[in-house]
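What follows is coords.cif (mmCIF, C-alpha atoms).
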```
data_input
#
loop_
_atom_site.label_atom_id
_atom_site.label_comp_id
_atom_site.auth_asym_id
_atom_site.auth_seq_id
_atom_site.Cartn_x
_atom_site.Cartn_y
_atom_site.Cartn_z
CA MET A 107 2.10 15.11 2.39
CA THR A 108 -1.63 15.18 3.07
CA LEU A 109 -1.91 11.48 2.26
CA LEU A 110 0.96 10.60 4.57
CA ILE A 111 -0.59 12.54 7.41
CA ALA A 112 -4.00 10.99 6.79
CA SER A 113 -2.67 7.43 6.80
CA SER A 114 -0.56 8.08 9.87
CA PHE A 115 -3.59 9.50 11.68
CA ILE A 116 -5.78 6.54 10.78
CA LEU A 117 -3.17 3.97 11.77
CA SER A 118 -2.34 5.71 15.04
CA ALA A 119 -6.04 6.08 15.78
CA ALA A 120 -6.46 2.35 15.21
CA ALA A 121 -3.58 1.68 17.58
CA ARG A 122 -5.19 3.91 20.25
CA ASN A 123 -8.29 1.70 20.16
CA PHE A 124 -6.30 -1.22 21.55
CA ARG A 125 -6.76 -1.65 25.29
CA ALA A 126 -4.52 -3.39 27.77
CA ARG A 127 -5.61 -6.69 29.27
CA PRO A 128 -7.27 -6.19 32.67
CA ASP A 129 -5.45 -7.41 35.78
CA SER A 130 -8.24 -9.81 36.76
CA THR A 131 -8.80 -12.93 34.67
CA GLU A 132 -12.39 -13.25 35.92
CA MET A 133 -15.09 -10.68 35.33
CA THR A 134 -18.68 -10.32 34.30
CA LEU A 135 -19.58 -9.99 30.64
CA ASP A 136 -20.89 -6.46 31.33
CA ARG A 137 -17.51 -5.48 32.80
CA ALA A 138 -15.66 -7.01 29.85
CA GLU A 139 -17.78 -5.00 27.43
CA LEU A 140 -16.61 -1.78 29.10
CA LEU A 141 -13.00 -2.71 28.30
CA ILE A 142 -13.47 -4.12 24.81
CA PRO A 143 -15.67 -2.56 22.11
CA ARG A 144 -18.75 -4.67 21.57
CA GLU A 145 -18.49 -3.83 17.87
CA ASP A 146 -15.59 -6.28 17.54
CA LEU A 147 -17.87 -9.13 18.57
CA LYS A 148 -20.60 -8.39 16.05
CA PRO A 149 -20.69 -10.35 12.78
CA LYS A 150 -18.70 -8.77 9.93
CA LYS A 151 -20.45 -8.52 6.60
CA SER A 152 -18.74 -9.94 3.55
CA MET A 153 -17.27 -7.30 1.27
CA VAL A 154 -19.01 -6.97 -2.07
CA PRO A 155 -16.56 -7.20 -5.00
CA THR A 156 -17.14 -4.11 -7.15
CA GLY A 157 -15.11 -5.04 -10.20
CA ALA A 158 -13.07 -1.86 -9.77
CA LYS A 159 -9.40 -2.26 -10.63
CA PRO A 160 -6.40 -0.49 -9.06
CA TYR A 161 -4.62 2.01 -11.28
CA ASP A 162 -2.11 3.56 -8.88
CA THR A 163 -0.65 3.13 -5.38
CA LEU A 164 0.76 5.66 -2.94
CA GLU A 165 3.09 5.14 0.00
CA THR A 166 2.04 5.85 3.58
CA SER A 167 4.11 6.48 6.68
CA ASP A 168 4.11 2.72 7.33
CA PRO A 169 5.91 0.69 4.59
CA ARG A 170 3.60 -2.27 5.32
CA VAL A 171 0.52 -0.26 4.31
CA ILE A 172 -0.21 1.37 0.94
CA LEU A 173 -3.01 3.57 -0.36
CA VAL A 174 -4.63 2.07 -3.47
CA LEU A 175 -6.47 4.27 -5.97
CA MET A 176 -9.21 2.46 -7.94
CA ASP A 177 -10.48 3.19 -11.44
CA ASP A 178 -13.99 3.89 -10.10
CA HIS A 179 -12.60 6.93 -8.20
CA THR A 180 -12.57 5.15 -4.84
CA TRP A 181 -9.56 4.34 -2.67
CA ARG A 182 -8.66 2.04 0.22
CA TYR A 183 -5.79 1.13 2.50
CA GLU A 184 -4.22 -2.27 1.87
CA LYS A 185 -1.38 -4.30 3.29
CA ASN A 186 1.72 -4.12 1.12
CA GLY A 187 1.77 -7.70 -0.12
CA ASP A 188 5.10 -7.29 -1.94
CA LEU A 189 6.70 -6.57 1.43
CA ILE A 190 4.65 -8.78 3.76
CA LYS A 191 4.88 -11.95 1.65
CA ASN A 192 8.63 -12.11 2.36
CA GLU A 193 8.11 -12.37 6.14
CA ASP A 194 9.35 -15.53 7.89
CA TYR A 195 5.90 -17.04 8.40
CA PHE A 196 5.49 -17.16 4.62
CA SER A 197 8.64 -19.27 4.16
CA THR A 198 8.84 -21.48 7.28
CA ASN A 199 7.15 -24.89 6.80
CA TRP A 200 6.35 -23.89 3.25
CA ASP A 201 5.88 -26.06 0.19
CA ASN A 202 3.72 -25.97 -2.92
CA GLU A 203 2.35 -29.51 -2.70
CA ASN A 204 0.95 -30.67 0.64
CA SER A 205 -2.14 -29.81 2.66
CA ASP A 206 -0.06 -30.19 5.83
CA PRO A 207 3.52 -28.91 5.56
CA TYR A 208 3.89 -28.66 9.36
CA HIS A 209 3.64 -32.29 10.57
CA ALA A 210 3.22 -30.94 14.11
CA GLU A 211 2.15 -33.04 17.09
CA LEU A 212 -1.29 -32.02 18.26
CA SER A 213 -0.04 -31.98 21.85
CA SER A 214 2.56 -29.35 20.92
CA LEU A 215 -0.14 -26.80 20.03
CA PRO A 216 -1.50 -24.41 22.69
CA GLU A 217 -4.77 -25.21 24.44
CA ARG A 218 -6.20 -22.11 22.80
CA ILE A 219 -4.96 -19.31 20.60
CA THR A 220 -6.71 -16.18 19.37
CA LEU A 221 -6.60 -15.64 15.62
CA TRP A 222 -7.13 -12.04 14.52
CA LEU A 223 -9.14 -12.35 11.29
CA VAL A 224 -9.70 -8.74 10.14
CA ASP A 225 -8.19 -5.41 11.13
CA THR A 226 -8.14 -1.79 9.96
CA THR A 227 -6.16 -2.62 6.79
CA SER A 228 -7.68 -5.94 5.75
CA GLN A 229 -11.18 -7.13 4.97
CA TYR A 230 -13.13 -10.36 4.71
CA CYS A 231 -15.05 -11.90 1.82
CA CYS A 232 -17.25 -14.99 1.94
CA PRO A 233 -15.64 -17.55 -0.44
CA PHE A 234 -19.09 -18.43 -1.77
CA GLN A 235 -22.34 -17.54 -0.02
CA THR A 236 -24.85 -20.38 0.18
CA LYS A 237 -26.25 -22.95 2.59
CA VAL A 238 -23.81 -25.68 3.65
CA TYR A 239 -25.04 -29.02 2.32
CA SER A 240 -22.25 -31.25 3.64
CA LYS A 241 -20.78 -30.34 7.01
CA PHE A 242 -17.41 -30.85 8.68
CA GLY A 243 -16.92 -34.16 10.50
CA TYR A 244 -17.25 -37.83 9.73
CA ARG A 245 -19.10 -38.77 6.55
CA ARG A 246 -19.73 -42.43 5.73
CA GLY A 247 -16.99 -43.35 8.21
CA ARG A 248 -14.39 -41.04 6.63
CA ARG A 249 -13.16 -37.65 7.80
CA HIS A 250 -14.68 -34.75 5.92
CA GLN A 251 -12.25 -31.96 6.75
CA GLY A 252 -14.20 -29.00 5.44
CA VAL A 253 -17.64 -27.90 4.31
CA ASP A 254 -19.19 -28.37 0.88
CA LEU A 255 -20.89 -25.35 -0.67
CA PRO A 256 -23.10 -25.98 -3.76
CA LEU A 257 -22.49 -23.76 -6.77
CA LYS A 258 -22.59 -23.77 -10.55
CA THR A 259 -19.54 -24.55 -12.65
CA GLY A 260 -17.92 -21.23 -13.50
CA ASN A 261 -19.11 -19.31 -10.42
CA PRO A 262 -16.30 -17.10 -9.04
CA VAL A 263 -14.67 -18.25 -5.79
CA TYR A 264 -13.16 -15.53 -3.59
CA ALA A 265 -10.20 -15.40 -1.21
CA ALA A 266 -11.62 -15.16 2.31
CA PHE A 267 -8.73 -13.10 3.74
CA ASP A 268 -5.48 -11.46 2.64
CA GLY A 269 -2.63 -13.94 2.21
CA LYS A 270 -0.02 -15.66 0.07
CA VAL A 271 -0.90 -18.57 -2.22
CA ARG A 272 1.00 -21.67 -1.11
CA VAL A 273 -0.64 -24.29 -3.35
CA ALA A 274 -2.32 -23.91 -6.74
CA ARG A 275 -2.35 -27.26 -8.54
CA TYR A 276 -4.35 -30.33 -9.42
CA SER A 277 -4.74 -32.84 -6.59
CA ARG A 278 -6.32 -36.24 -7.21
CA GLY A 279 -8.83 -35.93 -4.38
CA TYR A 280 -9.39 -32.18 -4.28
CA GLY A 281 -9.18 -31.60 -8.03
CA ASN A 282 -7.96 -28.11 -8.81
CA LEU A 283 -6.91 -26.86 -5.38
CA VAL A 284 -5.83 -23.49 -3.98
CA ILE A 285 -4.39 -23.11 -0.47
CA ILE A 286 -3.73 -19.63 0.94
CA ARG A 287 -1.67 -18.92 4.06
CA HIS A 288 -2.65 -15.91 6.15
CA GLU A 289 -0.59 -13.79 8.55
CA ASN A 290 -2.25 -15.24 11.64
CA GLY A 291 -1.06 -18.79 10.80
CA LEU A 292 -4.43 -19.82 9.43
CA GLU A 293 -4.63 -21.52 6.02
CA THR A 294 -7.77 -21.69 3.87
CA SER A 295 -8.28 -24.29 1.12
CA TYR A 296 -10.56 -24.16 -1.94
CA GLY A 297 -11.14 -27.47 -3.77
CA HIS A 298 -12.83 -28.92 -6.89
CA LEU A 299 -12.31 -25.72 -8.91
CA SER A 300 -12.92 -25.87 -12.65
CA LYS A 301 -10.15 -23.32 -13.22
CA LEU A 302 -7.23 -22.00 -11.17
CA GLY A 303 -6.91 -18.21 -11.11
CA VAL A 304 -3.73 -17.78 -9.06
CA GLU A 305 -0.16 -19.11 -8.83
CA PRO A 306 2.02 -20.20 -5.89
CA GLY A 307 3.79 -17.25 -4.26
CA GLN A 308 1.15 -14.75 -5.38
CA TRP A 309 -0.24 -12.29 -2.81
CA VAL A 310 -4.03 -12.02 -2.81
CA HIS A 311 -6.46 -9.73 -1.02
CA ALA A 312 -9.80 -10.70 0.47
CA GLY A 313 -12.34 -10.64 -2.37
CA ASP A 314 -9.87 -11.52 -5.14
CA VAL A 315 -11.14 -14.25 -7.47
CA ILE A 316 -8.79 -17.21 -6.92
CA GLY A 317 -10.59 -19.62 -9.27
CA LEU A 318 -13.90 -20.78 -10.70
CA GLY A 319 -16.20 -23.33 -9.11
CA GLY A 320 -16.45 -26.81 -10.58
CA SER A 321 -16.44 -30.55 -9.97
CA THR A 322 -12.85 -31.68 -10.54
CA GLY A 323 -11.22 -34.46 -8.51
CA ARG A 324 -13.27 -36.79 -6.29
CA SER A 325 -16.60 -35.01 -6.65
CA THR A 326 -20.20 -36.00 -7.35
CA GLY A 327 -21.25 -32.59 -8.67
CA PRO A 328 -20.30 -28.90 -8.78
CA HIS A 329 -19.46 -27.54 -5.33
CA LEU A 330 -16.74 -25.74 -3.41
CA HIS A 331 -14.95 -27.78 -0.76
CA PHE A 332 -13.68 -25.18 1.73
CA GLU A 333 -11.30 -25.92 4.60
CA THR A 334 -9.74 -23.95 7.44
CA ARG A 335 -6.55 -25.30 9.01
CA TYR A 336 -4.16 -24.28 11.76
CA LYS A 337 -0.65 -25.82 11.79
CA GLY A 338 -1.97 -28.43 9.36
CA TYR A 339 -4.98 -29.45 11.49
CA ALA A 340 -8.44 -28.91 10.01
CA PHE A 341 -11.28 -27.46 12.07
CA ASP A 342 -14.90 -26.67 11.22
CA PRO A 343 -15.01 -23.51 9.03
CA GLU A 344 -18.42 -22.74 10.51
CA TRP A 345 -16.62 -21.63 13.68
CA LEU A 346 -15.53 -18.66 11.55
CA ILE A 347 -18.18 -18.10 8.89
CA ASP A 348 -21.97 -18.23 8.67
CA PHE A 349 -22.05 -19.29 5.02
CA GLU A 350 -25.80 -18.83 4.60
CA SER A 351 -25.65 -15.13 5.57
CA GLY A 352 -22.07 -14.75 4.31
CA GLU A 353 -21.01 -13.10 7.58
CA LEU A 354 -17.82 -13.55 9.55
CA ARG A 355 -18.84 -14.37 13.11
CA TYR A 356 -16.11 -12.31 14.86
CA SER A 357 -13.11 -10.14 14.01
CA ALA A 358 -11.07 -12.38 16.34
CA PHE A 359 -11.60 -16.07 17.00
CA THR A 360 -10.33 -18.12 19.93
CA LEU A 361 -9.32 -21.50 18.50
CA ARG A 362 -9.33 -24.29 21.09
CA ARG A 363 -7.16 -27.35 20.57
CA LYS A 364 -10.19 -29.58 21.00
CA TYR A 365 -11.73 -27.99 17.89
CA LEU A 366 -8.98 -29.69 15.83
CA SER A 367 -10.74 -33.03 16.27
CA ALA A 368 -12.80 -34.39 13.37
CA SER A 369 -15.77 -34.79 15.72
CA SER A 370 -15.73 -31.16 16.93
CA ASN A 371 -18.44 -29.41 14.94
CA TYR A 372 -19.45 -25.79 15.34
CA VAL A 373 -21.92 -25.07 18.13
CA PRO A 374 -23.25 -21.63 19.13
CA GLN A 375 -20.92 -20.26 21.79
CA SER A 376 -22.06 -19.87 25.37
CA GLU A 377 -21.70 -16.71 27.44
CA ASP A 378 -18.71 -18.25 29.27
CA GLU A 379 -16.93 -18.87 25.97
CA GLU A 380 -17.81 -15.36 24.84
CA GLU A 381 -16.13 -13.93 27.96
CA GLU A 382 -12.99 -15.89 27.13
CA ILE A 383 -13.00 -14.42 23.63
CA LEU A 384 -13.34 -10.94 25.10
CA LEU A 385 -10.34 -11.47 27.38
CA ALA A 386 -8.27 -13.02 24.60
CA GLU A 387 -9.04 -10.03 22.38
CA ALA A 388 -7.83 -7.71 25.14
CA GLU A 389 -4.52 -9.56 25.23
CA ASP A 390 -4.18 -9.30 21.45
CA ARG A 391 -4.94 -5.60 21.58
CA ALA A 392 -2.24 -5.00 24.20
CA ALA A 393 0.29 -6.84 22.03
CA ALA A 394 -0.81 -4.87 18.96
CA GLU A 395 -0.48 -1.59 20.89
CA LYS A 396 3.09 -2.51 21.83
CA LYS A 397 3.87 -3.44 18.24
CA ALA A 398 2.33 -0.19 16.97
CA ALA A 399 4.51 1.80 19.38
CA GLU A 400 7.60 -0.04 18.17
CA GLU A 401 6.66 0.61 14.54
CA ALA A 402 6.07 4.31 15.28
CA ALA A 403 9.60 4.59 16.70
CA LYS A 404 11.18 3.29 13.51
CA ARG A 405 12.69 5.76 11.03
CA TYR A 406 13.58 5.31 7.38
CA HIS A 407 15.99 7.13 5.07
CA THR A 408 15.76 7.32 1.28
CA ILE A 409 19.20 6.89 -0.32
CA ARG A 410 20.52 9.98 -2.12
CA GLN A 411 23.66 10.68 -4.13
CA GLY A 412 26.74 10.44 -1.91
CA ASP A 413 25.11 8.53 0.98
CA THR A 414 27.23 5.85 2.68
CA LEU A 415 26.46 3.47 5.52
CA SER A 416 29.05 5.10 7.77
CA ALA A 417 27.64 8.58 7.07
CA LEU A 418 24.10 7.37 7.80
CA ALA A 419 25.27 5.74 11.04
CA ARG A 420 26.83 9.02 12.22
CA LYS A 421 23.80 11.07 11.15
CA TYR A 422 21.28 8.92 12.99
CA GLY A 423 23.40 8.01 15.98
CA THR A 424 23.65 4.28 15.33
CA SER A 425 26.18 1.83 13.87
CA VAL A 426 26.79 0.40 10.42
CA ARG A 427 26.34 -3.10 11.84
CA GLN A 428 22.93 -2.18 13.26
CA ILE A 429 21.74 -0.62 9.98
CA CYS A 430 22.83 -3.78 8.14
CA ALA A 431 20.97 -5.99 10.63
CA TRP A 432 17.77 -3.95 10.36
CA ASN A 433 17.77 -4.11 6.57
CA GLY A 434 19.28 -7.55 5.90
CA ILE A 435 22.25 -6.17 3.98
CA LYS A 436 26.06 -6.39 4.23
CA GLU A 437 28.55 -3.60 4.90
CA THR A 438 29.72 -4.04 1.28
CA THR A 439 26.23 -3.68 -0.19
CA ILE A 440 26.01 -0.99 -2.89
CA LEU A 441 23.32 1.52 -1.97
CA SER A 442 20.86 2.12 -4.80
CA LEU A 443 19.46 5.61 -5.23
CA GLY A 444 15.87 5.84 -3.99
CA ARG A 445 16.11 2.73 -1.79
CA LYS A 446 14.65 3.07 1.70
CA LEU A 447 16.71 1.89 4.66
CA ARG A 448 15.66 1.65 8.26
CA VAL A 449 18.03 3.85 10.30
CA LYS A 450 16.29 4.02 13.70
#
```

Do you think you could lay out the structure here as structure tokens?
Amino acid sequence: MTLLIASSFILSAAARNFRARPDSTEMTLDRAELLIPREDLKPKKSMVPTGAKPYDTLETSDPRVILVLMDDHTWRYEKNGDLIKNEDYFSTNWDNENSDPYHAELSSLPERITLWLVDTTSQYCCPFQTKVYSKFGYRRGRRHQGVDLPLKTGNPVYAAFDGKVRVARYSRGYGNLVIIRHENGLETSYGHLSKLGVEPGQWVHAGDVIGLGGSTGRSTGPHLHFETRYKGYAFDPEWLIDFESGELRYSAFTLRRKYLSASSNYVPQSEDEEEEILLAEAEDRAAAEKKAAEEAAKRYHTIRQGDTLSALARKYGTSVRQICAWNGIKETTILSLGRKLRVK
């Protein structure tokens, strides 16, 4: 019970930190900082993999979040990958072969969209910390759709964010390639690996080793080719990560459609662009607050001996049809003891 209360408190406290978007769309940077915590705009340090392994998990009041106990006597909150990886955005426009499964028209994408990169239940890890030696853009007349990070064959390569592995295979150009899709619609790609460490459909957390560095495919020497894509379109990963320091530039990033051009390299953002990020974050926070309130209103029931859908509907003041819709089951579904059903 103590663990449930603790997790509920932390999650509700996180939700309370979200602020509604201000009425005015124009304001000074000083005014924006009063509405949005400046901390969210500071660089985020890369997590340091400890080598500790999980030995047990505990449920929290939110089925999407679990408490993980590690064998070094530490613990942390994590997203429940077994549950989240079945969400629609991990099946729509999904295949295990192509770098771009979307085939979307560039003009169909919004002028800008804010991507939330880390939150209270997910972390960030630099895929491999070093100085970029080949940048995003055109190289010898050809598009270079990521950054090249020098390493030694066998160096571990880490997942940058939580997500589900979409591709883990050999590709003629990329060599051994891993592509991970993240909840915000972002995909990260890791090429030229000497060894694959994950499989398609697998859920990974930031900091998990997804393979070992190498020089497979079209490569002139050991390095990691790292890409960031949105709806299949590559943009400069340096908009997100300072690879030399290993830091994530922001917890939320406003992706502009013009960044999806091969000639749009990272440039330090101006104060005007920073204000736009502040305002976009406020909008995201308001949406997250609404979602948190909706999640808090949900109620779940653990199936016991003798429970039926009609009895649950009467008990919780709803209908059998609604319970079936919430849980993706049929009225004829046999209820397994211990299964959790949403009833509110």

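Run against this file, the PyMOL selection byres ((chain A and resi 227-238) around 6) gives back Ser152, Met153, Tyr183, Glu184, Val224, Asp225, Thr226, Tyr239, Ser240, Leu255, Val263, Tyr264, Ala265, Ala266, Phe267, Ala312, Gly313, Phe349, Glu350 and Gly352 of chain A.
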
Restrict the selected residues to C-alpha atoms and save them as a PDB file, in the coordinates of the input.
```pdb
ATOM      1  CA  SER A 152     -18.740  -9.940   3.550  1.00  0.00           C
ATOM      2  CA  MET A 153     -17.270  -7.300   1.270  1.00  0.00           C
ATOM      3  CA  TYR A 183      -5.790   1.130   2.500  1.00  0.00           C
ATOM      4  CA  GLU A 184      -4.220  -2.270   1.870  1.00  0.00           C
ATOM      5  CA  VAL A 224      -9.700  -8.740  10.140  1.00  0.00           C
ATOM      6  CA  ASP A 225      -8.190  -5.410  11.130  1.00  0.00           C
ATOM      7  CA  THR A 226      -8.140  -1.790   9.960  1.00  0.00           C
ATOM      8  CA  TYR A 239     -25.040 -29.020   2.320  1.00  0.00           C
ATOM      9  CA  SER A 240     -22.250 -31.250   3.640  1.00  0.00           C
ATOM     10  CA  LEU A 255     -20.890 -25.350  -0.670  1.00  0.00           C
ATOM     11  CA  VAL A 263     -14.670 -18.250  -5.790  1.00  0.00           C
ATOM     12  CA  TYR A 264     -13.160 -15.530  -3.590  1.00  0.00           C
ATOM     13  CA  ALA A 265     -10.200 -15.400  -1.210  1.00  0.00           C
ATOM     14  CA  ALA A 266     -11.620 -15.160   2.310  1.00  0.00           C
ATOM     15  CA  PHE A 267      -8.730 -13.100   3.740  1.00  0.00           C
ATOM     16  CA  ALA A 312      -9.800 -10.700   0.470  1.00  0.00           C
ATOM     17  CA  GLY A 313     -12.340 -10.640  -2.370  1.00  0.00           C
ATOM     18  CA  PHE A 349     -22.050 -19.290   5.020  1.00  0.00           C
ATOM     19  CA  GLU A 350     -25.800 -18.830   4.600  1.00  0.00           C
ATOM     20  CA  GLY A 352     -22.070 -14.750   4.310  1.00  0.00           C
TER      21      GLY A 352
END
```

As a check of understanding, name the residues that the PyMOL selection byres ((chain A and resi 287) around 8) selects in the supplied structure, as a PyMOL selection string.
chain A and resi 196+269-272+285-286+288-289+291-294

What does the PyMOL selection byres ((chain A and resi 335-348) around 8) select in this file, as a PDB file with C-alpha atoms, in the frame of the given file?
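Okay, this is what ended up in out.pdb:
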```pdb
ATOM      1  CA  SER A 205      -2.140 -29.810   2.660  1.00  0.00           C
ATOM      2  CA  ASP A 206      -0.060 -30.190   5.830  1.00  0.00           C
ATOM      3  CA  PRO A 207       3.520 -28.910   5.560  1.00  0.00           C
ATOM      4  CA  TYR A 208       3.890 -28.660   9.360  1.00  0.00           C
ATOM      5  CA  HIS A 209       3.640 -32.290  10.570  1.00  0.00           C
ATOM      6  CA  ALA A 210       3.220 -30.940  14.110  1.00  0.00           C
ATOM      7  CA  CYS A 232     -17.250 -14.990   1.940  1.00  0.00           C
ATOM      8  CA  PHE A 242     -17.410 -30.850   8.680  1.00  0.00           C
ATOM      9  CA  GLY A 243     -16.920 -34.160  10.500  1.00  0.00           C
ATOM     10  CA  GLN A 251     -12.250 -31.960   6.750  1.00  0.00           C
ATOM     11  CA  GLY A 252     -14.200 -29.000   5.440  1.00  0.00           C
ATOM     12  CA  VAL A 253     -17.640 -27.900   4.310  1.00  0.00           C
ATOM     13  CA  GLY A 291      -1.060 -18.790  10.800  1.00  0.00           C
ATOM     14  CA  LEU A 292      -4.430 -19.820   9.430  1.00  0.00           C
ATOM     15  CA  GLU A 293      -4.630 -21.520   6.020  1.00  0.00           C
ATOM     16  CA  THR A 294      -7.770 -21.690   3.870  1.00  0.00           C
ATOM     17  CA  PHE A 332     -13.680 -25.180   1.730  1.00  0.00           C
ATOM     18  CA  GLU A 333     -11.300 -25.920   4.600  1.00  0.00           C
ATOM     19  CA  THR A 334      -9.740 -23.950   7.440  1.00  0.00           C
ATOM     20  CA  PHE A 349     -22.050 -19.290   5.020  1.00  0.00           C
ATOM     21  CA  GLU A 350     -25.800 -18.830   4.600  1.00  0.00           C
ATOM     22  CA  SER A 351     -25.650 -15.130   5.570  1.00  0.00           C
ATOM     23  CA  GLY A 352     -22.070 -14.750   4.310  1.00  0.00           C
ATOM     24  CA  GLU A 353     -21.010 -13.100   7.580  1.00  0.00           C
ATOM     25  CA  LEU A 354     -17.820 -13.550   9.550  1.00  0.00           C
ATOM     26  CA  ARG A 355     -18.840 -14.370  13.110  1.00  0.00           C
ATOM     27  CA  TYR A 356     -16.110 -12.310  14.860  1.00  0.00           C
ATOM     28  CA  PHE A 359     -11.600 -16.070  17.000  1.00  0.00           C
ATOM     29  CA  TYR A 365     -11.730 -27.990  17.890  1.00  0.00           C
ATOM     30  CA  LEU A 366      -8.980 -29.690  15.830  1.00  0.00           C
ATOM     31  CA  SER A 367     -10.740 -33.030  16.270  1.00  0.00           C
ATOM     32  CA  ALA A 368     -12.800 -34.390  13.370  1.00  0.00           C
ATOM     33  CA  SER A 370     -15.730 -31.160  16.930  1.00  0.00           C
ATOM     34  CA  ASN A 371     -18.440 -29.410  14.940  1.00  0.00           C
ATOM     35  CA  TYR A 372     -19.450 -25.790  15.340  1.00  0.00           C
ATOM     36  CA  VAL A 373     -21.920 -25.070  18.130  1.00  0.00           C
TER      37      VAL A 373
END
```

Exercise: Arg363 (chain A) partners within 8 Å, only C-alpha atoms, chain neighbours under 5 positions left out, as a count of residues only:
5

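Taking all atoms listed in the file into account, Trp309 (chain A) lies nearest to A:Gly187 out of the set A:Pro149, A:Gly412, A:Gly187, A:Pro155.
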
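Among the candidates A:Ala393, A:Ser425, A:Leu164, A:Arg445, the one nearest to Ile409 (chain A) when counting all atoms listed in the file is A:Arg445.
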
Counting only C-alpha atoms, the option among A:Ala274, A:Ala419, A:Val426, A:Val171 closest to Leu189 (chain A)
A:Val171

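Taking CA of Gly319 (chain A) and CA of Lys191 (chain A) as endpoints, the distance between them is 26.3 Å.
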
Contacts of Tyr280 (chain A) within 7 Å, all atoms listed in the file, excl. fewer than 5 positions in-chain, as a list in words
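Once the adjacent positions are removed, what remains is Gly297, His298, Gly323 and Arg324 of chain A.
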
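Counting from CA of Thr156 (chain A), the distance to CA of Trp181 (chain A) is 12.2 Å.
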
May I ask which of the residues A:Thr180, A:Ser214, A:Thr439, A:Thr408 is the closest one to Tyr161 (chain A), counting all atoms listed in the file?
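Among A:Thr180, A:Ser214, A:Thr439, A:Thr408, it is A:Thr180 that comes nearest to Tyr161 (chain A).
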
Can you tell me, as number ranges by chain, what residues are no more than 10 Å from Tyr406 (chain A) when counting only C-alpha atoms, ignoring any on the same chain fewer than 4 positions away?
A: 167-169, 445-450

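Taking CA of Trp222 (chain A) and CA of Asn290 (chain A) as endpoints, the distance between them is 6.5 Å.
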
Considering all atoms listed in the file, can you say which of A:Ala399, A:Val315, A:Ala417, A:Ile435 comes closest to Lys301 (chain A)?
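Looking at the shortest contact to Lys301 (chain A), the residue is A:Val315.
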
Hey, which of A:Ile219, A:Ala403, A:Val310, A:Leu299 ends up closest to Leu257 (chain A)? Count all atoms listed in the file.
A:Leu299
